[in-house]
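The structure appears right after this line, and notes come after that.
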Amino acid sequence: MKEFVIQRYRADTSTGSDHQTLLRVDDEGKVLFADNNAEVVLGYNASELQGVAAHKILASREDDPFAPVNRHRLESGQTVMVTFRHKEGFFYTASLSLRVSMRDSDEAASARITQEASSAIDPRLLRYAESAAGFGIWELDIASNQIIWTEGLYRLLELKPGTGITPEQALFYCPNGQDRVRALFRRCAHTGAPFTIDLNLITAKEKKIRATLSSRALKVGGKVRKMGGTLIDRTGEMQQDQARIRAEKILSATTAASPGLIAAVDKNLNLLHFNMPYARLFASIYGVTPRVGDNLSQLLKKHPNERHLAERLWRRAFEQDSFVVDMPITQQSGEWPVYEFHYQRLTDHPAGSRNTRKDADKGETTGAVVVASNISNRASNSGDSEYRYRHDPITGLTNRREFIARLQRSLEQKEDRASDTSLLYLNLDAFGHFNSIAGHGACDRYLRELAGTLDVRSRPQDTVARLSGDTFALLIENCTESDARKLADDTLNVIQNFVFEWQGHQLQTTASGGLLIMGKKTPADPEQLLGQAADLCHDAKTSGRNRVHTAHASRLSDNNDSNEYVDQIRNALEKQSLVLEFQSLRPVASVTWGDHIEILCRIPGYHKQDQRLQPDQFLPAAERFDLAKRLDRQVILQTLSWLDDHRLLEPRLKYCGFNLSLASVLDDTFAEFVESVVRVTNYPTESFCFEIREAHATQYPDEVAVLCDDLHRIGCRIALDGAGASVESFSLAARLPVDVIKLDRSLMLRLGNDPVQQIMVEALQRIAQEAGKITVATYIENDEILRKVRTLGIHYGQGFRIGPPKPLAELKPVAVDLSTGRIGG
C-alpha cells in the first residue's frame, strides 16, 4: 500500500497551488481512500475514486507512479511531475510525492527466541541431529552401573537400535586401548575429571572407523552420581589423514625421481615442498639453501629483480589454473640455461574429483606448484633450428611467422568456439627516441624486459608475439568482446606503467593499439586481418596515442569510400555539426498528451550542397574506426543543447529516445556521462530513453543489465529495440529491466498477412502488458499495418504512415498569442 500527496502545479508560481489531496493506493494500483480535497484537486469526490484503478485518472502510462522510473524516484524521496486527466476531460500537471510505502503483507508477526529445556526437545529432532553430525550420546548411572545409549550411538556401531549389550561387550568393539578406557572411566567416577580420547573401532559389520569418546561427570550435592558424554565419528578425518600421508609419499618419490625442478608454495610464498635438483640449483645461483617453510620473498631479498619476477609468476599461478613460460633460470648477467616452467594452481577441492576447470573453480586456492625442464639445447642458437624459426631472437616471444600460423589455426577452429577471438595490434609510441638516449643495446634490453612483462600478464591460452621492431601482437582466444576490450585497456596500462632504468635514465612510454574482433564470418586470410588491425592502430596513433581503437573484422578491405566516410565523420565531430532529425511516436490504442520522439543522426558533407551520409553508410565505418561511441555522445550533447534553447517544450516532451551503439553499451563510463549532462538540463530525466538493440542484449546480457540499473538510478528509461528478431525476444522482454519494447521491423513488414507474425506480436504485447512495459510498433508504412497494430493493443506506432523524419528545428511548441505578444511557433 502507498500513500501519495498530490498537489496541483502552476507554472506562474514557484511553489505550485495551495490545494493538495491524499490518495491511498493498494499494491494492485486501486484507490482505497481519498480525502475531502480530492474533488478540488482531481475533480472527483472521494466516493467516486474508491475502487478505481489509478491509471484511469492519469494522462498516460508514463505518468504511472508504479512505473520503474517513477517508483525509483518516489522511493528515494523525490517529487515527480505527472500529468492528470480531470473529470471534465482536460489535462493538468501536478506534483506527486510518496508519504507512506507499505505492502499489505509487510506487517511483521510478533515473535521471540527463548532457550528450550532439553526434556522438551522432540526425539525426532535429536535423531536427525545425531544422524547428520555422526555422533551418539551415552549416560552412565554409577550406582546401578547402567548405561543409556541414544539411537545415534547404536547407528555409529552399526547395531540395531535397542540391542541388549553390556559395558564389557561394548568394549569388544574397541580392540585396542580397552584397559585405558576402563582407567579413564574409573578416574572420572572417583575424581570427576573429564576425558577425551580418540579410538580406532571395529563396528558390528567389521568396518574400521575412528571415533572420539568424551566424558563429563554429572554431580549431585557435590558427589559424582552420573557420567555422560558423546561418541563422535571421525572416520572422514582419518581417511583424509591417510590420503594425505599416501600423497606425501607419492609426491616425495615422484619429485626424487624427476630430473627437472619441482617446487610448491602456499599463497604467502612459503615453500611447502621441493626436490633436491631445485634446492641445489637455487643454492648455486643465490648462495642460500632453501628449507621447507622458508619464504621465497625473504630468500630473494638481496636480489630485487629476481624477487619481483618470482612474485609476479607465482601470483599469476594463484589466479589461473595453469600456464607455461620459457625463460632463463635467472635474470642475472651471464650465460644461463633456458627452462620451460609449468605452473599449476593448487586448490582445496577434494582429492579424486575430475581435474576440470569447473572443479578447480569450486575450491579455494591454497598455493601453486611449478615443474621446470631445461630446454637450453633446443632454445640455443646452436641448437634446434625449429626454435629459432618460430621465436624472436631478442625477446624470445613468438615471431611474426609463428604468429601468422597460430592465427590461421585459430581461424580454422572458430566454428568450435563459444566465444570470439580477437587480435590486438600494438605499436609503441615515440620508441625511436630511446635510441638517441640509450642506444640500440639498451633498447633491446628494454624490449626484452617489456616482452617478459607482457607474456607474464597475458592469459595462458593467448599468444604474445613481436612482429617487428617496436610492434607487438596479442592473439586473444575464447574471449567475449567486452572482456577483450578490458584486456586491451589493461595491456596499455601495463606498457604505460612499465619503467626500465638504464644508467640514470628512466625509459618509459605508451602504446597505441588496434583491437580487431573476429566473429564466425571473419575472413580467413591472416595477413588481411593483421592489415585491418594495423589500420586501427594507425588510426589510434593519429587520434592522440595511448589509446585502443576497436572494430569488427570486415571481409572487404578499405576502399576510398570508407576512408572518405571516416574523414567526414571526424570533421562533423570536431565541428559539432551533426545533422539531427526526429521521428514521432504516436499512440495507436488511446489518446496520450505530449510529444514522443526518437532522435536520428545524419552526417553532413563538407559543403552545404554535399549529400548527407545516412546511417547505413556511416555506421559501419564509425564502428570499425571506433568512432561510434563519440557519435552517440555528440548526438546526446547536441540534442540537449537544442532542447535547453527551447524550454517551452519542457511540459510537452514526454519521450526523447536515443539509439546506442555496442561501444556505448560496453562503455563503463557511459552512465556517468549521461548523469553529468542530464543533471544540468531543465527537462526531467524520465523524459529521456536510451534504446539498446536486442542483438546486443542477447550477446551481452550482464553488461546490458548493469547499464539498465545505472540509467534507472539516474532516472532515465531504457528501450529494447528490435524485439522479436530472435527466439530470445520473449525472455529478454520479460527479464531485462527495460521500460519500452520496440518491435522489430521484420515483424511489422509481414504483420498484415502472416498469422505467425501476428501471434508473435500479440505474445510480446501480453508479456509487456503483464510486466508494466510500453510497446512500440516500428515501420508502420500503410493503413493495413496500422489497423492490425491497433487491433493487437500496441501502445505506440512509428513509421512513415505515422510521420516521416523531420529536422529537429521543426519540433517547436505551439504558438500562443498573449497580450504581450506571441510565444512559441
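So you can find residues: chains in the C-alpha cells are A, B, ... in the order shown, residues in each start at 1, and ligands are numbered from 1 in order.
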Sel. of helix (DSSP H, G or I) residues, stretch 568-779 of chain A, as a short mmCIF file (atom, residue, chain, number, x, y, z; two decimals) with N, CA, C and O atoms, in the first residue's frame:
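Listed below is the output, selection_13.cif:
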```
data_model
loop_
_atom_site.label_atom_id
_atom_site.label_comp_id
_atom_site.auth_asym_id
_atom_site.auth_seq_id
_atom_site.Cartn_x
_atom_site.Cartn_y
_atom_site.Cartn_z
N GLN A 568 34.79 12.33 -43.10
CA GLN A 568 33.59 13.14 -42.99
C GLN A 568 33.01 13.07 -41.57
O GLN A 568 32.56 14.08 -41.02
N ILE A 569 33.05 11.88 -40.97
CA ILE A 569 32.57 11.73 -39.58
C ILE A 569 33.43 12.53 -38.63
O ILE A 569 32.92 13.25 -37.75
N ARG A 570 34.74 12.42 -38.77
CA ARG A 570 35.63 13.16 -37.88
C ARG A 570 35.44 14.66 -38.01
O ARG A 570 35.45 15.40 -37.02
N ASN A 571 35.25 15.12 -39.22
CA ASN A 571 35.04 16.54 -39.45
C ASN A 571 33.78 17.02 -38.74
O ASN A 571 33.76 18.08 -38.09
N ALA A 572 32.69 16.22 -38.82
CA ALA A 572 31.44 16.59 -38.16
C ALA A 572 31.58 16.56 -36.65
O ALA A 572 31.00 17.41 -35.94
N LEU A 573 32.34 15.61 -36.13
CA LEU A 573 32.53 15.53 -34.68
C LEU A 573 33.36 16.69 -34.17
O LEU A 573 33.05 17.28 -33.11
N GLU A 574 34.40 17.01 -34.89
CA GLU A 574 35.25 18.12 -34.45
C GLU A 574 34.51 19.45 -34.48
O GLU A 574 34.70 20.30 -33.60
N LYS A 575 33.66 19.63 -35.47
CA LYS A 575 32.91 20.90 -35.58
C LYS A 575 31.58 20.86 -34.85
O LYS A 575 30.86 21.87 -34.84
N PRO A 615 22.63 6.51 -42.01
CA PRO A 615 23.21 5.55 -41.03
C PRO A 615 23.81 4.31 -41.67
O PRO A 615 24.86 3.83 -41.21
N ASP A 616 23.18 3.75 -42.70
CA ASP A 616 23.73 2.53 -43.30
C ASP A 616 25.05 2.80 -44.00
O ASP A 616 25.80 1.86 -44.31
N GLN A 617 25.37 4.08 -44.25
CA GLN A 617 26.65 4.43 -44.86
C GLN A 617 27.73 4.69 -43.83
O GLN A 617 28.85 4.18 -43.94
N PHE A 618 27.40 5.48 -42.80
CA PHE A 618 28.46 5.90 -41.89
C PHE A 618 28.63 5.01 -40.67
O PHE A 618 29.71 4.99 -40.06
N LEU A 619 27.59 4.24 -40.27
CA LEU A 619 27.72 3.42 -39.06
C LEU A 619 28.79 2.33 -39.18
O LEU A 619 29.58 2.14 -38.24
N PRO A 620 28.86 1.56 -40.29
CA PRO A 620 29.95 0.56 -40.38
C PRO A 620 31.34 1.17 -40.25
O PRO A 620 32.21 0.63 -39.56
N ALA A 621 31.55 2.33 -40.91
CA ALA A 621 32.86 2.98 -40.81
C ALA A 621 33.11 3.50 -39.39
O ALA A 621 34.23 3.39 -38.86
N ALA A 622 32.06 4.04 -38.75
CA ALA A 622 32.22 4.55 -37.38
C ALA A 622 32.55 3.43 -36.41
O ALA A 622 33.37 3.61 -35.50
N GLU A 623 31.92 2.28 -36.58
CA GLU A 623 32.19 1.16 -35.68
C GLU A 623 33.59 0.60 -35.91
O GLU A 623 34.28 0.24 -34.97
N ARG A 624 34.01 0.53 -37.18
CA ARG A 624 35.32 -0.04 -37.46
C ARG A 624 36.44 0.83 -36.92
O ARG A 624 37.44 0.33 -36.39
N ALA A 628 31.98 5.20 -33.03
CA ALA A 628 30.55 5.10 -32.70
C ALA A 628 30.25 5.68 -31.33
O ALA A 628 29.22 6.34 -31.12
N LYS A 629 31.13 5.45 -30.37
CA LYS A 629 30.91 5.97 -29.02
C LYS A 629 30.92 7.49 -29.01
O LYS A 629 30.09 8.12 -28.35
N ARG A 630 31.84 8.09 -29.75
CA ARG A 630 31.88 9.55 -29.83
C ARG A 630 30.64 10.09 -30.52
O ARG A 630 30.11 11.14 -30.14
N LEU A 631 30.15 9.37 -31.54
CA LEU A 631 28.93 9.79 -32.22
C LEU A 631 27.74 9.80 -31.27
O LEU A 631 26.95 10.75 -31.24
N ASP A 632 27.58 8.73 -30.48
CA ASP A 632 26.47 8.65 -29.53
C ASP A 632 26.49 9.84 -28.57
O ASP A 632 25.46 10.49 -28.34
N ARG A 633 27.64 10.14 -28.04
CA ARG A 633 27.73 11.22 -27.06
C ARG A 633 27.48 12.58 -27.71
O ARG A 633 26.84 13.45 -27.11
N GLN A 634 27.98 12.75 -28.94
CA GLN A 634 27.77 14.04 -29.61
C GLN A 634 26.30 14.25 -29.94
O GLN A 634 25.79 15.37 -29.83
N VAL A 635 25.59 13.18 -30.34
CA VAL A 635 24.16 13.30 -30.62
C VAL A 635 23.42 13.73 -29.35
O VAL A 635 22.54 14.60 -29.38
N ILE A 636 23.76 13.13 -28.21
CA ILE A 636 23.10 13.48 -26.95
C ILE A 636 23.39 14.92 -26.56
O ILE A 636 22.50 15.68 -26.19
N LEU A 637 24.66 15.32 -26.68
CA LEU A 637 25.03 16.69 -26.30
C LEU A 637 24.33 17.72 -27.18
O LEU A 637 23.82 18.73 -26.69
N GLN A 638 24.31 17.50 -28.51
CA GLN A 638 23.67 18.46 -29.40
C GLN A 638 22.16 18.53 -29.15
O GLN A 638 21.55 19.61 -29.20
N THR A 639 21.55 17.38 -28.89
CA THR A 639 20.11 17.37 -28.64
C THR A 639 19.77 18.13 -27.37
O THR A 639 18.85 18.96 -27.34
N LEU A 640 20.49 17.87 -26.30
CA LEU A 640 20.21 18.55 -25.03
C LEU A 640 20.47 20.05 -25.15
O LEU A 640 19.75 20.87 -24.56
N SER A 641 21.49 20.41 -25.90
CA SER A 641 21.77 21.83 -26.10
C SER A 641 20.60 22.50 -26.84
O SER A 641 20.17 23.60 -26.49
N TRP A 642 20.06 21.83 -27.86
CA TRP A 642 18.93 22.40 -28.60
C TRP A 642 17.69 22.48 -27.72
O TRP A 642 16.96 23.47 -27.76
N LEU A 643 17.45 21.45 -26.93
CA LEU A 643 16.28 21.46 -26.05
C LEU A 643 16.37 22.58 -25.02
O LEU A 643 15.36 23.21 -24.68
N ASP A 644 17.57 22.80 -24.48
CA ASP A 644 17.71 23.88 -23.50
C ASP A 644 17.44 25.26 -24.12
O ASP A 644 17.05 26.19 -23.41
N ARG A 647 12.93 25.93 -24.13
CA ARG A 647 12.42 25.46 -22.85
C ARG A 647 10.91 25.36 -22.81
O ARG A 647 10.35 24.70 -21.93
N LEU A 648 10.21 26.01 -23.75
CA LEU A 648 8.76 25.89 -23.76
C LEU A 648 8.29 24.49 -24.14
O LEU A 648 7.13 24.15 -23.97
N LEU A 649 9.20 23.67 -24.66
CA LEU A 649 8.85 22.29 -24.97
C LEU A 649 8.79 21.40 -23.73
O LEU A 649 8.27 20.29 -23.79
N LEU A 662 26.97 -0.49 -29.81
CA LEU A 662 27.52 -1.50 -28.90
C LEU A 662 28.68 -0.92 -28.09
O LEU A 662 28.86 -1.28 -26.92
N ALA A 663 29.44 -0.02 -28.69
CA ALA A 663 30.57 0.57 -27.96
C ALA A 663 30.08 1.31 -26.72
O ALA A 663 30.72 1.25 -25.66
N SER A 664 28.96 2.02 -26.81
CA SER A 664 28.42 2.74 -25.65
C SER A 664 27.85 1.77 -24.63
O SER A 664 27.97 1.98 -23.42
N VAL A 665 27.22 0.69 -25.11
CA VAL A 665 26.66 -0.31 -24.19
C VAL A 665 27.75 -0.94 -23.34
O VAL A 665 27.57 -1.20 -22.15
N PHE A 670 29.69 5.28 -19.58
CA PHE A 670 28.60 5.93 -20.30
C PHE A 670 27.54 6.46 -19.34
O PHE A 670 27.02 7.57 -19.51
N ALA A 671 27.17 5.67 -18.32
CA ALA A 671 26.15 6.12 -17.36
C ALA A 671 26.61 7.38 -16.63
O ALA A 671 25.81 8.28 -16.37
N GLU A 672 27.91 7.46 -16.30
CA GLU A 672 28.42 8.67 -15.64
C GLU A 672 28.29 9.87 -16.57
O GLU A 672 27.95 10.98 -16.13
N PHE A 673 28.57 9.66 -17.86
CA PHE A 673 28.42 10.74 -18.83
C PHE A 673 26.96 11.22 -18.89
O PHE A 673 26.69 12.43 -18.87
N VAL A 674 26.02 10.27 -18.96
CA VAL A 674 24.61 10.64 -19.03
C VAL A 674 24.20 11.43 -17.80
O VAL A 674 23.52 12.46 -17.88
N GLU A 675 24.62 10.96 -16.63
CA GLU A 675 24.26 11.65 -15.40
C GLU A 675 24.80 13.08 -15.38
O GLU A 675 24.13 14.00 -14.92
N SER A 676 26.01 13.27 -15.90
CA SER A 676 26.61 14.61 -15.87
C SER A 676 25.90 15.58 -16.79
O SER A 676 25.83 16.78 -16.50
N VAL A 677 25.33 15.10 -17.90
CA VAL A 677 24.70 16.03 -18.85
C VAL A 677 23.22 16.24 -18.57
O VAL A 677 22.69 17.33 -18.82
N VAL A 678 22.52 15.22 -18.04
CA VAL A 678 21.09 15.42 -17.76
C VAL A 678 20.88 16.17 -16.46
O VAL A 678 19.80 16.71 -16.22
N THR A 685 14.50 13.93 -16.08
CA THR A 685 15.32 12.82 -16.59
C THR A 685 14.48 11.68 -17.14
O THR A 685 14.92 10.97 -18.05
N GLU A 686 13.25 11.49 -16.63
CA GLU A 686 12.44 10.37 -17.11
C GLU A 686 11.95 10.58 -18.54
O GLU A 686 11.41 9.65 -19.16
N SER A 687 12.11 11.79 -19.08
CA SER A 687 11.70 12.02 -20.46
C SER A 687 12.74 11.50 -21.45
O SER A 687 12.46 11.42 -22.65
N GLU A 694 18.32 -5.47 -29.47
CA GLU A 694 18.12 -6.80 -28.90
C GLU A 694 19.33 -7.70 -29.13
O GLU A 694 19.70 -8.50 -28.27
N ALA A 695 19.96 -7.56 -30.31
CA ALA A 695 21.14 -8.39 -30.59
C ALA A 695 22.24 -8.14 -29.58
O ALA A 695 22.93 -9.07 -29.14
N HIS A 696 22.43 -6.90 -29.16
CA HIS A 696 23.45 -6.58 -28.16
C HIS A 696 23.05 -7.11 -26.79
O HIS A 696 23.89 -7.61 -26.04
N ALA A 697 21.76 -7.01 -26.46
CA ALA A 697 21.29 -7.53 -25.17
C ALA A 697 21.40 -9.05 -25.10
O ALA A 697 21.65 -9.62 -24.04
N THR A 698 21.22 -9.72 -26.23
CA THR A 698 21.35 -11.18 -26.27
C THR A 698 22.80 -11.60 -26.10
O THR A 698 23.11 -12.56 -25.39
N GLN A 699 23.71 -10.87 -26.73
CA GLN A 699 25.13 -11.23 -26.68
C GLN A 699 25.79 -10.84 -25.36
O GLN A 699 26.67 -11.55 -24.86
N PRO A 701 24.14 -9.96 -22.00
CA PRO A 701 23.02 -9.71 -21.07
C PRO A 701 23.45 -9.09 -19.75
O PRO A 701 22.76 -8.24 -19.20
N ASP A 702 24.61 -9.50 -19.21
CA ASP A 702 25.05 -8.97 -17.92
C ASP A 702 25.42 -7.50 -18.04
O ASP A 702 25.05 -6.68 -17.18
N GLU A 703 26.17 -7.14 -19.09
CA GLU A 703 26.56 -5.74 -19.27
C GLU A 703 25.34 -4.85 -19.48
O GLU A 703 25.27 -3.73 -18.96
N VAL A 704 24.35 -5.36 -20.25
CA VAL A 704 23.14 -4.57 -20.50
C VAL A 704 22.34 -4.39 -19.21
O VAL A 704 21.82 -3.31 -18.93
N ALA A 705 22.24 -5.45 -18.40
CA ALA A 705 21.50 -5.34 -17.13
C ALA A 705 22.15 -4.30 -16.21
O ALA A 705 21.46 -3.52 -15.56
N VAL A 706 23.49 -4.28 -16.16
CA VAL A 706 24.19 -3.29 -15.32
C VAL A 706 23.92 -1.88 -15.83
O VAL A 706 23.66 -0.95 -15.05
N LEU A 707 23.97 -1.70 -17.17
CA LEU A 707 23.71 -0.37 -17.74
C LEU A 707 22.27 0.06 -17.45
O LEU A 707 22.03 1.23 -17.13
N CYS A 708 21.31 -0.86 -17.54
CA CYS A 708 19.92 -0.53 -17.24
C CYS A 708 19.77 -0.06 -15.79
O CYS A 708 19.09 0.94 -15.52
N ASP A 709 20.41 -0.76 -14.89
CA ASP A 709 20.34 -0.36 -13.47
C ASP A 709 20.94 1.03 -13.26
O ASP A 709 20.39 1.85 -12.51
N ASP A 710 22.08 1.29 -13.91
CA ASP A 710 22.73 2.60 -13.74
C ASP A 710 21.86 3.72 -14.31
O ASP A 710 21.74 4.80 -13.70
N LEU A 711 21.26 3.50 -15.47
CA LEU A 711 20.42 4.54 -16.07
C LEU A 711 19.13 4.73 -15.29
O LEU A 711 18.62 5.84 -15.17
N HIS A 712 18.58 3.63 -14.74
CA HIS A 712 17.39 3.76 -13.90
C HIS A 712 17.71 4.56 -12.64
O HIS A 712 16.88 5.34 -12.15
N ARG A 713 18.89 4.34 -12.11
CA ARG A 713 19.29 5.09 -10.91
C ARG A 713 19.31 6.58 -11.20
O ARG A 713 18.93 7.40 -10.35
N ILE A 714 19.72 6.95 -12.39
CA ILE A 714 19.73 8.36 -12.77
C ILE A 714 18.32 8.88 -12.93
O ILE A 714 18.03 10.06 -12.67
N SER A 729 13.76 -13.07 -27.76
CA SER A 729 12.98 -11.86 -27.53
C SER A 729 12.06 -11.99 -26.32
O SER A 729 11.95 -11.06 -25.52
N PHE A 730 11.40 -13.12 -26.19
CA PHE A 730 10.40 -13.25 -25.15
C PHE A 730 11.02 -13.24 -23.76
O PHE A 730 10.51 -12.59 -22.84
N SER A 731 12.13 -13.98 -23.59
CA SER A 731 12.77 -13.97 -22.27
C SER A 731 13.38 -12.62 -21.96
O SER A 731 13.33 -12.15 -20.82
N LEU A 732 13.95 -11.94 -22.98
CA LEU A 732 14.53 -10.63 -22.75
C LEU A 732 13.45 -9.61 -22.38
O LEU A 732 13.63 -8.80 -21.48
N ALA A 733 12.31 -9.67 -23.09
CA ALA A 733 11.24 -8.72 -22.81
C ALA A 733 10.70 -8.86 -21.40
O ALA A 733 10.31 -7.89 -20.76
N ALA A 734 10.70 -10.10 -20.88
CA ALA A 734 10.18 -10.31 -19.53
C ALA A 734 11.24 -10.12 -18.46
O ALA A 734 10.92 -9.68 -17.35
N ARG A 735 12.50 -10.42 -18.79
CA ARG A 735 13.54 -10.46 -17.76
C ARG A 735 14.33 -9.17 -17.64
O ARG A 735 14.64 -8.74 -16.53
N ARG A 745 11.53 -4.59 -37.16
CA ARG A 745 10.99 -4.31 -38.50
C ARG A 745 10.49 -5.58 -39.17
O ARG A 745 9.46 -5.55 -39.87
N SER A 746 11.17 -6.71 -38.97
CA SER A 746 10.78 -7.95 -39.62
C SER A 746 9.38 -8.40 -39.22
O SER A 746 8.67 -9.03 -40.01
N LEU A 747 8.96 -8.08 -37.99
CA LEU A 747 7.61 -8.43 -37.55
C LEU A 747 6.57 -7.56 -38.23
O LEU A 747 5.47 -8.00 -38.56
N MET A 748 6.90 -6.28 -38.44
CA MET A 748 5.92 -5.34 -38.98
C MET A 748 5.67 -5.53 -40.47
O MET A 748 4.54 -5.41 -40.94
N LEU A 749 6.72 -5.86 -41.23
CA LEU A 749 6.58 -5.93 -42.68
C LEU A 749 5.61 -7.02 -43.12
O LEU A 749 4.97 -6.91 -44.16
N PRO A 755 -0.04 -14.88 -40.19
CA PRO A 755 -0.62 -15.13 -38.85
C PRO A 755 0.43 -15.45 -37.80
O PRO A 755 0.23 -15.18 -36.62
N VAL A 756 1.56 -16.05 -38.21
CA VAL A 756 2.62 -16.36 -37.24
C VAL A 756 3.19 -15.08 -36.65
O VAL A 756 3.42 -14.97 -35.44
N GLN A 757 3.42 -14.07 -37.52
CA GLN A 757 3.94 -12.80 -37.03
C GLN A 757 2.94 -12.14 -36.09
O GLN A 757 3.32 -11.52 -35.09
N GLN A 758 1.64 -12.27 -36.41
CA GLN A 758 0.62 -11.69 -35.55
C GLN A 758 0.63 -12.33 -34.17
O GLN A 758 0.49 -11.65 -33.14
N ILE A 759 0.84 -13.65 -34.11
CA ILE A 759 0.89 -14.35 -32.82
C ILE A 759 2.10 -13.90 -32.02
O ILE A 759 2.03 -13.66 -30.80
N MET A 760 3.26 -13.73 -32.70
CA MET A 760 4.46 -13.30 -32.01
C MET A 760 4.29 -11.89 -31.44
O MET A 760 4.66 -11.61 -30.29
N VAL A 761 3.70 -11.00 -32.24
CA VAL A 761 3.49 -9.62 -31.77
C VAL A 761 2.52 -9.62 -30.60
O VAL A 761 2.73 -8.91 -29.59
N GLU A 762 1.46 -10.43 -30.70
CA GLU A 762 0.47 -10.48 -29.62
C GLU A 762 1.11 -11.02 -28.33
O GLU A 762 0.82 -10.54 -27.23
N ALA A 763 2.00 -12.04 -28.47
CA ALA A 763 2.66 -12.59 -27.30
C ALA A 763 3.57 -11.56 -26.64
O ALA A 763 3.59 -11.42 -25.41
N LEU A 764 4.34 -10.82 -27.46
CA LEU A 764 5.20 -9.78 -26.89
C LEU A 764 4.38 -8.69 -26.23
O LEU A 764 4.77 -8.15 -25.19
N GLN A 765 3.22 -8.35 -26.82
CA GLN A 765 2.36 -7.34 -26.22
C GLN A 765 1.84 -7.80 -24.87
O GLN A 765 1.79 -7.02 -23.91
N ARG A 766 1.47 -9.06 -24.76
CA ARG A 766 0.96 -9.58 -23.48
C ARG A 766 2.05 -9.60 -22.41
O ARG A 766 1.80 -9.26 -21.25
N ILE A 767 3.25 -10.01 -22.83
CA ILE A 767 4.37 -10.01 -21.87
C ILE A 767 4.63 -8.59 -21.37
O ILE A 767 4.80 -8.35 -20.17
N ALA A 768 4.66 -7.63 -22.29
CA ALA A 768 4.89 -6.25 -21.90
C ALA A 768 3.77 -5.73 -21.01
O ALA A 768 4.01 -5.02 -20.03
N GLN A 769 2.54 -6.12 -21.33
CA GLN A 769 1.40 -5.67 -20.54
C GLN A 769 1.51 -6.17 -19.10
O GLN A 769 1.30 -5.42 -18.14
N GLU A 770 1.86 -7.48 -18.94
CA GLU A 770 1.97 -8.06 -17.60
C GLU A 770 3.13 -7.44 -16.83
O GLU A 770 3.07 -7.30 -15.61
#
```
For the structure I just gave you, how does DSSP split stretch 550-783 of chain A - specifically, which residues are strand (DSSP E)? Reply as a PyMOL selection string.
chain A and resi 550-552+579-584+586-587+595-602+653-659+688-693+717-723+740-743+774-777
